[in-house]
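Q: My questions all concern the structure below.
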Amino acid sequence: MGISLVYLWIGYRLERGEQKRAAGWPLYLVAYIVASLVTLYAAEDVVDLSIVLFADVIVLAVSAFIHANDVWTFGAVWLFMLPVMWLIGYYVDNETHQGLLVGVLGLNYTVIGCVLGRRHIRQGLPFLIGAALLSINTCGLTWETPVVASVVLFVVAVMYSLVSLWLKKPWLLLPSLFAAQISLSINSAIFDWQVSFTAISVCYGVLGSVLWLGAYLLRQRGHSRWNWPLYFVGSLDLVVSYLTASLEDDVVIIGISALLGMLFFVFAWLEREEMQKREMPRILTYMGIAVLFIAHFFVLNELDFLSRLEWPAYTSCVCALMVGIAWAINRRDAMHIYAVPLRRSGLTLLILPMLVSIFTALDSSEPLVATATFAIAGIAFSADAARHRTVDQAYVGALSFVFVIWSLLLAFDVDEPQAYILPLGLGLLITGWVERIRGVKSKSTWMTKLGLLLLLGSTFLQSLPRGAVVYTSFLAFESLLAILWGVRNRSRDYVRYGAWAFFLNVLVQVGAGFVTWTRWLQIGLTGGILFGGGLLALAKREELIAARERLVSTLEEWEA
């Protein structure tokens, strides 16, 4: 290793004499080869290898001076840790004592990094990163003794906090805060595991809240560049608190959810200007709504409502309550932060209980639950549509009331198809007529056509079996009513669909009796109709053509 250092010195002198970096590299290369061979040769014994590695550290330090490159400095600083830890492990048997000795090395690294980093952070960075690695190693070695590990991590947290303030680097708060979190976990592990999850959840929830509050106060005092580590680690604390609370009973998760929801709502207001600058003004409000909405399921489970499939009705009440609270907020800036997310979330989340109640109604297990769910949803959608003048939302409310009728029919075991088709068909016709008045022709056309097809088509299909006099009469009534409505309001779709339904109804009913006649009567009647029609067409040809043209032109002038 001495020969290796001599080669480095000769190469450095040649480089300085020739004023060329390439002049010394052949000797540098030989020096590194010699050092590598010596290291490999000493690998058979831990003590010998550790001594040689110390010499390698000297070689790397000299190389850092010669080449003026931080890579060599990192190598020297980090390689120095390896033989030290090997010798500690070789001469000290107790792992806790090993961890404490490694921690002493980490403290020295921290002091050196802090002193060098005060002048320039690049000089102290290798030591600070090495100290972080050593602190992790120390924690691992002392883990079997929680009290010692906790004290070590507390010292690490304090140390990095002082280093961060000394070097004025906010990012150095991260290892300090993480060390404090791990120390908290180790302390909770000392206690009985039946209590620890609750203790961890409460402690992390409170700690995360305190960190968020500290970050806000720092920004209020003009230290915005220092608040992001607190927000970041505080957010992780809140996530850990929520996840550990979910491992306990419902009461714990309900309490933690209430804490988180309140925290999100408060900070949505406190940090509204900052969030507005970052173009996500309502994200904290939405997070609070999400946490509380999930928490209400734990409340229902605690009350034993989830197991009886009654929860869609209660969940729809919660969603409607969100919409009602949004209406009650009158302050302009509060409407932007709270009212809009509450209204949107309440109306959107209503879809979940509505979908679930559909399956429960079809399963015939809880049709009245579906009735209550859709009734609440219909009232919420309709009232909000009336308040904000949104027609499409009113249609959703109307559809909800259609489901209310259907679920009531299921509850009373009604099996008549027309009872289920009439509410939907009439609803489509009414919606199409409203859209026609509003001047939205595309939406009006397809809604009207679909409604007529449902009403007339379903009745026609039910009138096909012989003897279905009720459906035949009902189809004739519907057809004539559609024609009269179309003529009165100049709607060609009503006239066309009503006329076609009436014609097909007559054709099917008359045709069924016509088929039972004897063959000569069928031929005679058919021939007579064709002959008479032909004579009439010849005699009234001009009048028929003119009448057809007038009818076509009149229908074309009408709206759909």
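Labels for the structure tokens follow display order: chains A, B, ..., residues from 1 in each chain, ligands from 1.
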Got a sec: who's within 6 Å of A:Ala326, counting only C-alpha atoms, leaving out chain neighbours fewer than 5 positions off, as a list in words?
A: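 Contacts, with the query itself left out: Ala339, Leu342 and Arg343 of chain A.
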Q: Write down as a PyMOL selection string the residues of stretch 140-367 of chain A whose backbone DSSP state falls under helix (DSSP H, G or I).
A: chain A and resi 140-141+146-167+170-190+193-220+224-245+250-270+272-277+283-302+311-328+332-349+351-362+367
Q: Tell me which protein, DNA and RNA residues are within 7 Å of A:Val369, counting only C-alpha atoms, leaving out same-chain ones fewer than 2 positions away, and put them as number ranges by chain.
A: A: 310, 313, 357, 366-367, 371-373
Q: Can I get the selected residues back with N, CA and C atoms, as a tab-separated table (two decimals), in the first residue's frame?
A:
chain	number	residue	atom	x	y	z
A	310	GLU	N	-79.46	-2.85	5.18
A	310	GLU	CA	-80.24	-1.64	5.31
A	310	GLU	C	-79.42	-0.38	5.06
A	313	ALA	N	-80.06	2.95	2.50
A	313	ALA	CA	-80.97	4.03	2.90
A	313	ALA	C	-80.25	5.03	3.80
A	357	SER	N	-78.92	-0.74	-3.96
A	357	SER	CA	-80.34	-0.98	-3.68
A	357	SER	C	-81.05	-1.61	-4.87
A	366	GLU	N	-84.82	-6.77	0.04
A	366	GLU	CA	-85.14	-5.53	0.72
A	366	GLU	C	-85.68	-4.51	-0.28
A	367	PRO	N	-86.87	-4.73	-0.88
A	367	PRO	CA	-87.38	-3.76	-1.85
A	367	PRO	C	-87.74	-2.42	-1.22
A	371	THR	N	-86.82	1.50	-2.07
A	371	THR	CA	-87.81	2.57	-2.15
A	371	THR	C	-87.33	3.80	-1.38
A	372	ALA	N	-86.88	3.60	-0.15
A	372	ALA	CA	-86.40	4.72	0.66
A	372	ALA	C	-85.16	5.36	0.06
A	373	THR	N	-84.24	4.52	-0.43
A	373	THR	CA	-82.99	5.02	-1.00
A	373	THR	C	-83.26	5.91	-2.21
Q: I want to know what sits within 12 Å of stretch 277-281 of chain A, based on only C-alpha atoms, with residues of the same chain fewer than 2 positions away left out; could you give that as a list of chain:residue names?
A: A:Phe265, A:Phe267, A:Ala268, A:Trp269, A:Leu270, A:Glu271, A:Arg272, A:Glu273, A:Glu274, A:Met275, A:Ile283, A:Leu284, A:Thr285, A:Tyr286, A:Met287, A:Asp333, A:Ala334, A:Met335, A:His336, A:Ile337, A:Tyr338, A:Val340, A:Pro341
Q: Neighbours of stretch 4-9 of chain A within 7 Å (only C-alpha atoms; same-chain residues fewer than 5 positions away dropped), as a PyMOL selection string?
A: chain A and resi 27-28+31-32+34-35+59
Q: Find the distance between atom CA of A:Leu236 and atom CA of A:Phe297 and write it in Å to one decimal.
A: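 About the pair atom CA of A:Leu236 and atom CA of A:Phe297: they are 23.7 Å apart.
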Q: Which neighbours of A:Ile483 fall inside 8 Å, counting only C-alpha atoms, when residues of the same chain fewer than 4 positions from it are skipped, and could you give them as an mmCIF file with N, CA and C atoms, in the first residue's frame?
A:
data_model
loop_
_atom_site.group_PDB
_atom_site.id
_atom_site.type_symbol
_atom_site.label_atom_id
_atom_site.label_comp_id
_atom_site.auth_asym_id
_atom_site.auth_seq_id
_atom_site.Cartn_x
_atom_site.Cartn_y
_atom_site.Cartn_z
ATOM 1 N N SER A 479 -102.708 4.278 -29.330
ATOM 2 C CA SER A 479 -102.428 4.718 -30.697
ATOM 3 C C SER A 479 -103.247 5.951 -31.049
ATOM 4 N N VAL A 487 -101.399 15.404 -33.803
ATOM 5 C CA VAL A 487 -102.108 16.348 -34.674
ATOM 6 C C VAL A 487 -102.312 17.683 -33.966
ATOM 7 N N TYR A 494 -95.293 11.492 -33.116
ATOM 8 C CA TYR A 494 -96.482 10.950 -32.455
ATOM 9 C C TYR A 494 -97.472 10.399 -33.479
ATOM 10 N N VAL A 495 -97.676 11.149 -34.588
ATOM 11 C CA VAL A 495 -98.620 10.704 -35.607
ATOM 12 C C VAL A 495 -98.137 9.436 -36.285
ATOM 13 N N ARG A 496 -96.870 9.407 -36.671
ATOM 14 C CA ARG A 496 -96.324 8.236 -37.372
ATOM 15 C C ARG A 496 -96.366 6.986 -36.494
ATOM 16 N N GLY A 498 -98.071 6.439 -33.759
ATOM 17 C CA GLY A 498 -99.437 6.067 -33.411
ATOM 18 C C GLY A 498 -100.161 5.398 -34.568
ATOM 19 N N ALA A 499 -99.956 5.930 -35.796
ATOM 20 C CA ALA A 499 -100.607 5.339 -36.968
ATOM 21 C C ALA A 499 -100.087 3.935 -37.245
#
Q: In Å, rounded to a single decimal, give me how far atom CA of A:Tyr395 is from atom CA of A:Ile325.
A: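 Separation between atom CA of A:Ile325 and atom CA of A:Tyr395: 22.7 Å.
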Q: Quick one: everything within 10 Å of stretch 167-179 of chain A, counting only C-alpha atoms, minus sequence neighbours fewer than 5 positions away in the same chain. Send it as a PyMOL selection string.
A: chain A and resi 113-121+124+128+132+135-136+139+150+152-162+184-185+211+225-230+232-234+236-237
Q: Could you please determine the separation between atom CA of A:Thr73 and atom CA of A:Pro126 in Å, to one decimal place?
A: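 Interatomic distance here is 7.1 Å.
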Q: Find, counting only C-alpha atoms, the residue in A:Ser491, A:Ser201, A:Thr142, A:Thr459 that gets nearest to A:Thr445.
A: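 Answer, going by the shortest atom-to-atom distance: A:Ser491.
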